[in-house]
file structure10.cif (mmCIF, C-alpha atoms and all ligand atoms)
data_run
loop_
_atom_site.label_atom_id
_atom_site.label_comp_id
_atom_site.auth_asym_id
_atom_site.auth_seq_id
_atom_site.Cartn_x
_atom_site.Cartn_y
_atom_site.Cartn_z
CA MET A 26 -11.75 -18.99 20.81
CA LEU A 27 -11.06 -15.50 19.49
CA TRP A 28 -9.47 -14.36 22.74
CA PHE A 29 -7.12 -17.30 22.54
CA GLN A 30 -6.05 -16.43 19.00
CA ALA A 31 -5.59 -12.77 19.84
CA ILE A 32 -3.33 -13.43 22.84
CA LEU A 33 -1.19 -15.94 21.03
CA SER A 34 -0.85 -14.17 17.76
CA ASN A 35 -0.13 -10.74 19.15
CA ASN A 36 2.92 -11.90 21.07
CA VAL A 37 4.14 -14.32 18.44
CA LEU A 38 3.70 -11.88 15.58
CA LEU A 39 5.38 -9.05 17.43
CA ALA A 40 8.35 -11.21 18.40
CA TRP A 41 8.73 -12.25 14.78
CA VAL A 42 8.61 -8.63 13.60
CA VAL A 43 11.23 -7.53 16.11
CA GLU A 44 13.54 -10.30 14.99
CA GLN A 45 13.01 -9.45 11.31
CA SER A 46 13.67 -5.78 11.91
CA GLN A 47 17.18 -6.75 12.85
CA GLY A 48 18.05 -7.28 9.23
CA SER A 49 16.67 -10.03 7.08
CA VAL A 50 13.58 -8.24 5.74
CA ALA A 51 15.72 -5.23 4.86
CA ASN A 52 18.24 -7.40 3.07
CA GLU A 53 15.57 -9.25 1.09
CA VAL A 54 13.90 -6.04 -0.04
CA ASP A 55 17.20 -4.44 -0.91
CA SER A 56 18.32 -7.40 -2.98
CA GLY A 57 14.83 -7.44 -4.52
CA PHE A 58 15.43 -3.92 -5.83
CA VAL A 59 18.67 -5.00 -7.35
CA ALA A 60 17.10 -8.07 -8.92
CA CYS A 61 13.97 -6.43 -10.39
CA ASP A 62 13.75 -3.81 -13.09
CA VAL A 63 10.70 -1.70 -13.88
CA GLU A 64 9.35 -4.18 -16.41
CA GLN A 65 9.35 -6.86 -13.76
CA HIS A 66 7.24 -5.03 -11.22
CA GLN A 67 4.62 -7.80 -11.10
CA LYS A 68 7.28 -10.35 -10.28
CA CYS A 69 8.69 -7.96 -7.71
CA HIS A 70 5.31 -7.79 -5.99
CA GLN A 71 5.13 -11.59 -5.84
CA PHE A 72 8.72 -11.83 -4.68
CA PHE A 73 8.22 -9.53 -1.68
CA GLY A 74 4.87 -11.02 -0.66
CA GLY A 75 6.07 -14.60 -1.07
CA HIS A 76 9.30 -14.21 0.83
CA LEU A 77 7.82 -12.29 3.72
CA PHE A 78 4.89 -14.62 4.14
CA ALA A 79 7.16 -17.64 3.81
CA GLY A 80 9.06 -16.19 6.76
CA PHE A 81 5.92 -16.45 8.88
CA LEU A 82 5.42 -20.04 7.92
CA GLY A 83 8.95 -21.29 8.15
CA ARG A 84 12.32 -20.43 6.75
CA TYR A 85 12.85 -23.66 4.89
CA GLU A 86 13.20 -24.17 1.21
CA ARG A 87 10.18 -26.37 0.73
CA GLY A 88 8.03 -23.79 2.55
CA GLN A 89 9.14 -21.03 0.22
CA HIS A 90 8.24 -23.07 -2.85
CA VAL A 91 4.82 -23.93 -1.48
CA VAL A 92 4.11 -20.29 -0.65
CA ALA A 93 5.31 -19.10 -4.05
CA LYS A 94 2.98 -21.64 -5.69
CA MET A 95 0.14 -20.60 -3.45
CA LEU A 96 0.61 -16.92 -4.27
CA ALA A 97 0.72 -17.70 -7.97
CA SER A 98 -2.50 -19.72 -7.74
CA ILE A 99 -4.26 -16.95 -5.82
CA LEU A 100 -3.13 -14.36 -8.34
CA ASP A 101 -4.07 -16.55 -11.32
CA ASP A 102 -7.41 -18.10 -10.48
CA GLY A 103 -8.34 -17.55 -6.86
CA GLY A 104 -6.72 -21.00 -6.21
CA GLU A 105 -6.85 -23.53 -3.44
CA ILE A 106 -5.56 -21.50 -0.57
CA GLY A 107 -7.11 -23.69 2.14
CA ASN A 108 -5.52 -26.89 0.86
CA GLN A 109 -2.16 -25.28 0.52
CA PHE A 110 -2.28 -23.98 4.09
CA LEU A 111 -3.29 -27.43 5.30
CA ILE A 112 -0.22 -28.93 3.63
CA ILE A 113 2.00 -26.31 5.25
CA ILE A 114 0.47 -26.80 8.71
CA GLU A 115 0.89 -30.59 8.58
CA ASP A 116 4.45 -30.18 7.38
CA ARG A 117 5.24 -27.74 10.18
CA ARG A 118 3.77 -30.08 12.77
CA LYS A 119 6.35 -32.68 11.70
CA HIS A 120 9.26 -30.25 11.28
CA LEU A 121 8.93 -27.51 13.90
CA GLY A 122 11.17 -24.49 13.34
CA ASP A 123 11.69 -21.01 14.76
CA ASP A 124 8.96 -19.44 12.65
CA MET A 125 5.61 -17.97 13.64
CA LEU A 126 3.53 -20.95 12.53
CA SER A 127 5.63 -23.32 14.67
CA SER A 128 5.12 -21.00 17.66
CA LEU A 129 1.37 -20.98 17.06
CA ILE A 130 1.33 -24.79 16.81
CA THR A 131 3.19 -25.28 20.09
CA ALA A 132 1.74 -22.39 22.10
CA GLU A 133 -0.52 -23.31 24.97
CA GLU A 134 -3.02 -21.25 26.91
CA SER A 135 -4.47 -22.91 30.02
CA GLY A 136 -3.49 -26.31 28.59
CA GLU A 137 -5.26 -25.67 25.25
CA GLN A 138 -3.67 -25.60 21.82
CA MET A 139 -5.02 -24.26 18.53
CA THR A 140 -6.72 -26.85 16.32
CA THR A 141 -5.81 -27.28 12.64
CA GLU A 142 -9.05 -25.50 11.65
CA GLU A 143 -8.21 -22.55 13.91
CA LEU A 144 -4.68 -22.40 12.57
CA MET A 145 -5.96 -22.49 9.01
CA ALA A 146 -8.56 -19.78 9.61
CA PHE A 147 -5.89 -17.66 11.22
CA LEU A 148 -3.42 -18.06 8.36
CA VAL A 149 -6.06 -17.18 5.78
CA LEU A 150 -6.97 -14.10 7.85
CA LEU A 151 -3.32 -13.10 8.15
CA TYR A 152 -2.72 -13.55 4.46
CA ILE A 153 -5.74 -11.55 3.35
CA ALA A 154 -5.47 -8.85 6.04
CA GLY A 155 -1.73 -8.50 5.64
CA HIS A 156 -0.97 -8.61 1.95
CA GLU A 157 -3.40 -6.35 0.10
CA THR A 158 -3.23 -3.66 2.79
CA THR A 159 0.53 -3.27 2.96
CA VAL A 160 0.94 -3.38 -0.80
CA ASN A 161 -1.40 -0.39 -1.01
CA LEU A 162 0.36 1.56 1.72
CA ILE A 163 3.60 1.12 -0.18
CA GLY A 164 1.93 2.31 -3.43
CA ASN A 165 -0.02 5.21 -1.89
CA GLY A 166 2.93 6.30 0.25
CA THR A 167 5.29 6.30 -2.72
CA LEU A 168 2.84 8.35 -4.77
CA ALA A 169 2.25 10.82 -1.91
CA LEU A 170 6.00 11.43 -1.59
CA LEU A 171 6.46 11.79 -5.35
CA ASN A 172 3.69 14.40 -5.43
CA ASN A 173 5.31 16.32 -2.54
CA PRO A 174 8.96 16.98 -3.42
CA SER A 175 9.73 18.90 -0.21
CA GLN A 176 8.60 15.92 1.89
CA GLN A 177 10.47 13.55 -0.39
CA ASP A 178 13.66 15.48 0.37
CA ILE A 179 13.17 14.84 4.08
CA VAL A 180 13.04 11.08 3.45
CA ARG A 181 16.15 11.23 1.29
CA GLN A 182 17.99 12.96 4.12
CA THR A 183 16.80 10.97 7.11
CA GLY A 184 15.38 7.74 5.70
CA LEU A 185 11.72 6.92 6.29
CA GLN A 186 11.17 7.34 10.02
CA PRO A 187 8.30 5.80 12.04
CA GLN A 188 6.67 9.24 12.39
CA HIS A 189 6.76 9.64 8.60
CA ILE A 190 4.97 6.33 8.13
CA ASP A 191 2.23 7.46 10.50
CA GLU A 192 1.74 10.53 8.34
CA LEU A 193 1.60 8.44 5.16
CA LEU A 194 -1.02 6.23 6.86
CA ARG A 195 -3.00 9.30 7.89
CA PHE A 196 -2.72 11.05 4.57
CA ASP A 197 -3.75 8.16 2.31
CA GLY A 198 -4.33 4.95 4.23
CA PRO A 199 -5.20 1.72 2.42
CA VAL A 200 -8.23 0.81 4.57
CA GLN A 201 -10.97 3.42 4.28
CA HIS A 202 -13.80 1.78 6.21
CA THR A 203 -14.62 -0.69 8.91
CA VAL A 204 -18.01 -2.03 9.88
CA ARG A 205 -19.44 -2.30 13.38
CA ILE A 206 -22.77 -3.64 14.65
CA PRO A 207 -23.52 -2.47 18.22
CA LEU A 208 -24.91 -5.06 20.61
CA LYS A 209 -26.56 -2.39 22.73
CA GLU A 210 -27.84 1.11 22.09
CA ALA A 211 -24.98 3.50 21.33
CA HIS A 212 -24.86 7.29 21.35
CA TYR A 213 -22.52 9.77 19.74
CA THR A 214 -22.58 13.53 19.56
CA VAL A 215 -21.65 15.78 16.65
CA GLY A 216 -21.81 19.49 17.49
CA ASP A 217 -25.05 20.00 19.43
CA THR A 218 -26.79 16.89 18.12
CA THR A 219 -26.71 13.49 19.80
CA HIS A 220 -27.40 10.51 17.53
CA THR A 221 -28.61 7.12 18.70
CA VAL A 222 -27.66 3.86 17.00
CA GLN A 223 -30.00 0.96 17.69
CA PRO A 224 -28.59 -2.49 18.52
CA GLY A 225 -28.11 -4.62 15.39
CA THR A 226 -27.67 -1.62 13.07
CA MET A 227 -24.77 -1.90 10.68
CA VAL A 228 -22.49 1.14 10.99
CA LEU A 229 -19.92 1.98 8.35
CA THR A 230 -17.11 3.93 9.99
CA SER A 231 -14.98 6.09 7.72
CA LEU A 232 -11.35 5.87 8.80
CA GLY A 233 -10.27 8.08 5.90
CA ALA A 234 -12.63 10.88 6.97
CA ALA A 235 -11.40 10.65 10.57
CA ASN A 236 -7.84 10.95 9.30
CA HIS A 237 -8.74 14.18 7.48
CA ASP A 238 -10.77 15.67 10.33
CA SER A 239 -9.64 19.30 10.58
CA SER A 240 -10.57 19.47 14.27
CA MET A 241 -7.89 16.85 14.92
CA PHE A 242 -5.30 17.52 12.19
CA ALA A 243 -4.45 21.07 11.15
CA ASP A 244 -4.39 21.54 7.38
CA PRO A 245 -5.43 17.87 7.00
CA HIS A 246 -5.11 17.56 3.22
CA THR A 247 -1.42 18.51 3.30
CA LEU A 248 1.26 15.86 3.72
CA ARG A 249 3.50 17.00 6.58
CA LEU A 250 5.97 14.40 7.71
CA ASP A 251 6.89 16.49 10.77
CA ARG A 252 3.28 16.68 12.01
CA ASP A 253 3.44 16.15 15.77
CA ASN A 254 0.18 14.23 16.12
CA SER A 255 0.14 12.02 13.02
CA HIS A 256 0.33 8.96 15.30
CA ARG A 257 -3.29 9.74 16.26
CA HIS A 258 -4.46 8.45 12.87
CA MET A 259 -7.15 5.79 12.61
CA ALA A 260 -5.65 3.84 9.69
CA PHE A 261 -5.28 0.69 11.81
CA ALA A 262 -8.70 1.30 13.48
CA SER A 263 -8.80 1.24 17.29
CA GLY A 264 -9.96 -0.78 20.26
CA ILE A 265 -10.17 -4.54 20.49
CA HIS A 266 -9.81 -5.10 16.72
CA TYR A 267 -6.85 -2.75 16.31
CA CYS A 268 -4.70 -4.11 13.47
CA LEU A 269 -2.67 -7.07 14.58
CA GLY A 270 -0.06 -6.57 11.87
CA SER A 271 0.58 -2.84 12.34
CA ALA A 272 4.21 -3.33 13.40
CA LEU A 273 4.92 -5.59 10.44
CA ALA A 274 3.17 -3.23 8.00
CA LYS A 275 5.31 -0.35 9.26
CA LEU A 276 8.48 -2.40 8.98
CA GLU A 277 7.71 -3.44 5.40
CA THR A 278 6.89 0.16 4.43
CA GLU A 279 9.99 1.55 6.12
CA VAL A 280 12.17 -0.84 4.17
CA ALA A 281 10.36 -0.74 0.81
CA VAL A 282 9.57 2.99 0.52
CA GLY A 283 12.61 4.13 2.52
CA SER A 284 14.99 2.07 0.38
CA LEU A 285 13.39 3.29 -2.84
CA PHE A 286 13.95 6.96 -2.00
CA THR A 287 17.37 6.60 -0.45
CA ARG A 288 18.66 4.35 -3.24
CA PHE A 289 17.36 6.27 -6.30
CA LYS A 290 17.87 10.01 -6.81
CA ASN A 291 15.52 10.45 -9.73
CA ILE A 292 12.12 8.83 -9.66
CA ILE A 293 9.62 9.88 -12.30
CA ILE A 294 5.96 8.89 -12.61
CA GLU A 295 5.20 7.62 -16.11
CA GLY A 296 1.66 8.50 -17.21
CA GLU A 297 -1.34 8.73 -14.91
CA PRO A 298 -1.57 6.25 -12.03
CA THR A 299 -4.75 4.18 -12.12
CA TRP A 300 -6.76 3.44 -8.99
CA ARG A 301 -8.50 0.33 -7.74
CA ASP A 302 -12.28 0.52 -8.04
CA ARG A 303 -12.91 -0.73 -4.49
CA ILE A 304 -14.65 1.19 -1.75
CA THR A 305 -12.90 -0.25 1.31
CA ILE A 306 -9.37 -0.79 0.10
CA ARG A 307 -7.89 2.34 -1.47
CA GLY A 308 -4.77 2.02 -3.54
CA VAL A 309 -3.12 2.52 -6.86
CA ASN A 310 -3.69 -0.29 -9.28
CA GLN A 311 -0.79 0.72 -11.42
CA LEU A 312 1.99 3.19 -10.70
CA LYS A 313 4.60 3.15 -13.42
CA LEU A 314 7.93 4.64 -12.41
CA THR A 315 11.28 5.10 -14.03
CA PHE A 316 14.19 5.62 -11.72
CA SER A 317 17.92 6.11 -11.83
C1 LIG B 401 -0.77 -0.81 5.99
C2 LIG B 401 -1.14 -2.02 6.27
C3 LIG B 401 -2.37 -2.36 7.08
C4 LIG B 401 -3.49 -1.61 7.34
C5 LIG B 401 -3.80 -0.18 6.91
C6 LIG B 401 -4.35 -2.43 8.17
C7 LIG B 401 -5.57 -2.00 8.66
C8 LIG B 401 -6.35 -2.74 9.51
C9 LIG B 401 -7.59 -2.29 10.07
C10 LIG B 401 -8.24 -0.92 9.80
C11 LIG B 401 -8.07 -3.27 10.86
C12 LIG B 401 -9.35 -3.23 11.71
C13 LIG B 401 -10.48 -3.91 10.99
C14 LIG B 401 -11.76 -3.73 11.77
O1 LIG B 401 -11.75 -3.07 12.80
O2 LIG B 401 -12.77 -4.26 11.34
C15 LIG B 401 -7.13 -4.37 10.80
C16 LIG B 401 -7.27 -5.57 11.45
C17 LIG B 401 -6.41 -6.63 11.29
N1 LIG B 401 -5.21 -6.64 10.62
FE1 LIG B 401 -4.44 -5.12 9.59
N2 LIG B 401 -3.74 -3.64 8.37
C18 LIG B 401 -2.54 -3.65 7.73
C19 LIG B 401 -1.60 -4.67 7.71
C20 LIG B 401 -1.75 -5.87 8.33
C21 LIG B 401 -0.77 -6.94 8.35
C22 LIG B 401 0.62 -6.84 7.69
C23 LIG B 401 -1.32 -7.98 9.03
C24 LIG B 401 -0.76 -9.32 9.35
C25 LIG B 401 0.29 -9.86 8.85
C26 LIG B 401 -2.64 -7.55 9.47
C27 LIG B 401 -3.49 -8.34 10.19
C28 LIG B 401 -4.68 -7.91 10.72
C29 LIG B 401 -5.57 -8.76 11.48
C30 LIG B 401 -5.35 -10.22 11.81
C31 LIG B 401 -6.66 -7.96 11.85
C32 LIG B 401 -7.88 -8.37 12.65
C33 LIG B 401 -7.67 -8.00 14.11
C34 LIG B 401 -8.90 -8.30 14.93
O3 LIG B 401 -10.01 -8.35 14.40
O4 LIG B 401 -8.74 -8.48 16.14
N3 LIG B 401 -2.86 -6.28 9.04
N4 LIG B 401 -6.08 -4.02 9.98
#
call {"tool": "encode", "arguments": {"input": "structure10.cif", "output": "structure tokens"}}
result
Amino acid sequence: MLWFQAILSNNVLLAWVVEQSQGSVANEVDSGFVACDVEQHQKCHQFFGGHLFAGFLGRYERGQHVVAKMLASILDDGGEIGNQFLIIIEDRRKHLGDDMLSSLITAEESGEQMTTEELMAFLVLLYIAGHETTVNLIGNGTLALLNNPSQQDIVRQTGLQPQHIDELLRFDGPVQHTVRIPLKEAHYTVGDTTHTVQPGTMVLTSLGAANHDSSMFADPHTLRLDRDNSHRHMAFASGIHYCLGSALAKLETEVAVGSLFTRFKNIIIEGEPTWRDRITIRGVNQLKLTFS
């Protein structure tokens, strides 16, 4: 049923993102900045994630509480995510709204609808694929701009433009690898040598290396927001599994990072940022800032 999920979710997710871009995400993030000080950065993180994900599931008060609880349980002890999603799905079936989950529940393709198990699997996938990744783009992107004052100035003048976000994704994307297993013999050529990959072989593709390939990007280790081909990055992979949430990730980053640099004139890194010790997801674990 993967084709079914892909068709439904792509349209539904995109429609939701377009609607959100008309204001409410921006307002929530902006008021989040006002509400949170530096000491409260953990709460801030939960606030953004909880509110945005609650928007997917339904803009109703009970939904927001359930999601906040769910996020807290995941953060605390790896919690009962499946059960919580089940509760939300059943609730949405009874009280349909104008949110993405309601659209997924009612959508039909050739007379078929998604089962509860499919809905649950999809929500878990969306949560995991969508939360950790975007958080790290916001962290890495902020750090990249702070380390490059001339580029930071551009954002202060123009706001964070879509082209800038592509460059942040290229320069230091949160997902460094994907895995592929070819079903039939595959060939690729580097220089004069052609390599053969046998069916069933696990291939680790390095998105980060592709994004710093000097034959594609001139001066690849330099952050250049005006780069004319930064949209050719591989940070969202490519092909049939191209990231489903790319538009939402860009919207969240535009609002979070853009608002930070246009709202605060002085942003200073306190101490050395620490990095996650994961191989696939790359991101700062802790980035302490003071701003005024
Ligand atoms: C900066 C943020 C993000 C990055 C860098 C990112 C990156 C990626 C990458 C590289 C893949 C391909 C995985 C593969 O080929 O094996 C992918 C797939 C996916 N992403 Fe994202 N992602 C981000 C945000 C999001 C968000 C916000 C959502 C949803 C709310 C999302 C949902 C998905 C889903 C569902 C897939 C699987 C698509 C499929 O297999 O057909 N992602 N993402």
call {"tool": "residues_near_ligand", "arguments": {"input": "structure10.cif", "ligand": "ligand LIG 401 (chain B)", "cutoff": "6 Å", "atoms": "all atoms listed in the file", "output": "MDAnalysis selection string"}}
result
chainID A and resid 150:151 154:155 158:159 162 198:200 203:204 260:262 266:271 273:274
call {"tool": "residues_around", "arguments": {"input": "structure10.cif", "residues": "Ala235 (chain A)", "least_positions_apart": "4", "cutoff": "12 Å", "atoms": "only C-alpha atoms", "output": "list in words"}}
result
Leu194, Arg195, Phe196, Asp197, Gly198, Val200, Gln201, His202, Thr203, Thr230, Ser231, Ser239, Ser240, Met241, Phe242, Pro245, His246, Ser255, Arg257, His258, Met259, Ala260, Phe261, Ala262 and Ser263 of chain A
call {"tool": "atom_distance", "arguments": {"input": "structure10.cif", "atom1": "CA of Asp253 (chain A)", "atom2": "CA of Pro187 (chain A)"}}
result
12.0 Å
call {"tool": "residues_around", "arguments": {"input": "structure10.cif", "residues": "Glu210 (chain A)", "least_positions_apart": "6", "cutoff": "10 Å", "atoms": "all atoms listed in the file", "output": "list in words"}}
result
Thr221, Val222, Gln223, Pro224, Gly225 and Thr226 of chain A
call {"tool": "closest_residue", "arguments": {"input": "structure10.cif", "among": "A:Ile293, A:Met139, A:Ile190, A:Val280", "to": "Leu314 (chain A)", "atoms": "only C-alpha atoms"}}
result
A:Ile293
call {"tool": "residues_around", "arguments": {"input": "structure10.cif", "residues": "Gln188 (chain A)", "least_positions_apart": "4", "cutoff": "10 Å", "atoms": "only C-alpha atoms", "output": "mmCIF file with C-alpha atoms, in the coordinates of the input"}}
result
data_model
loop_
_atom_site.group_PDB
_atom_site.id
_atom_site.type_symbol
_atom_site.label_atom_id
_atom_site.label_comp_id
_atom_site.auth_asym_id
_atom_site.auth_seq_id
_atom_site.Cartn_x
_atom_site.Cartn_y
_atom_site.Cartn_z
ATOM 1 C CA GLU A 192 1.740 10.530 8.340
ATOM 2 C CA LEU A 193 1.600 8.440 5.160
ATOM 3 C CA LEU A 194 -1.020 6.230 6.860
ATOM 4 C CA LEU A 250 5.970 14.400 7.710
ATOM 5 C CA ASP A 251 6.890 16.490 10.770
ATOM 6 C CA ARG A 252 3.280 16.680 12.010
ATOM 7 C CA ASP A 253 3.440 16.150 15.770
ATOM 8 C CA ASN A 254 0.180 14.230 16.120
ATOM 9 C CA SER A 255 0.140 12.020 13.020
ATOM 10 C CA HIS A 256 0.330 8.960 15.300
#
call {"tool": "atom_distance", "arguments": {"input": "structure10.cif", "atom1": "CA of Leu126 (chain A)", "atom2": "CA of His156 (chain A)"}}
result
16.9 Å
call {"tool": "atom_distance", "arguments": {"input": "structure10.cif", "atom1": "CA of Lys275 (chain A)", "atom2": "CA of Gly164 (chain A)"}}
result
13.4 Å
call {"tool": "closest_residue", "arguments": {"input": "structure10.cif", "among": "A:Leu285, A:Ala146, A:Ala132, A:Val228", "to": "Leu171 (chain A)", "atoms": "only C-alpha atoms"}}
result
A:Leu285
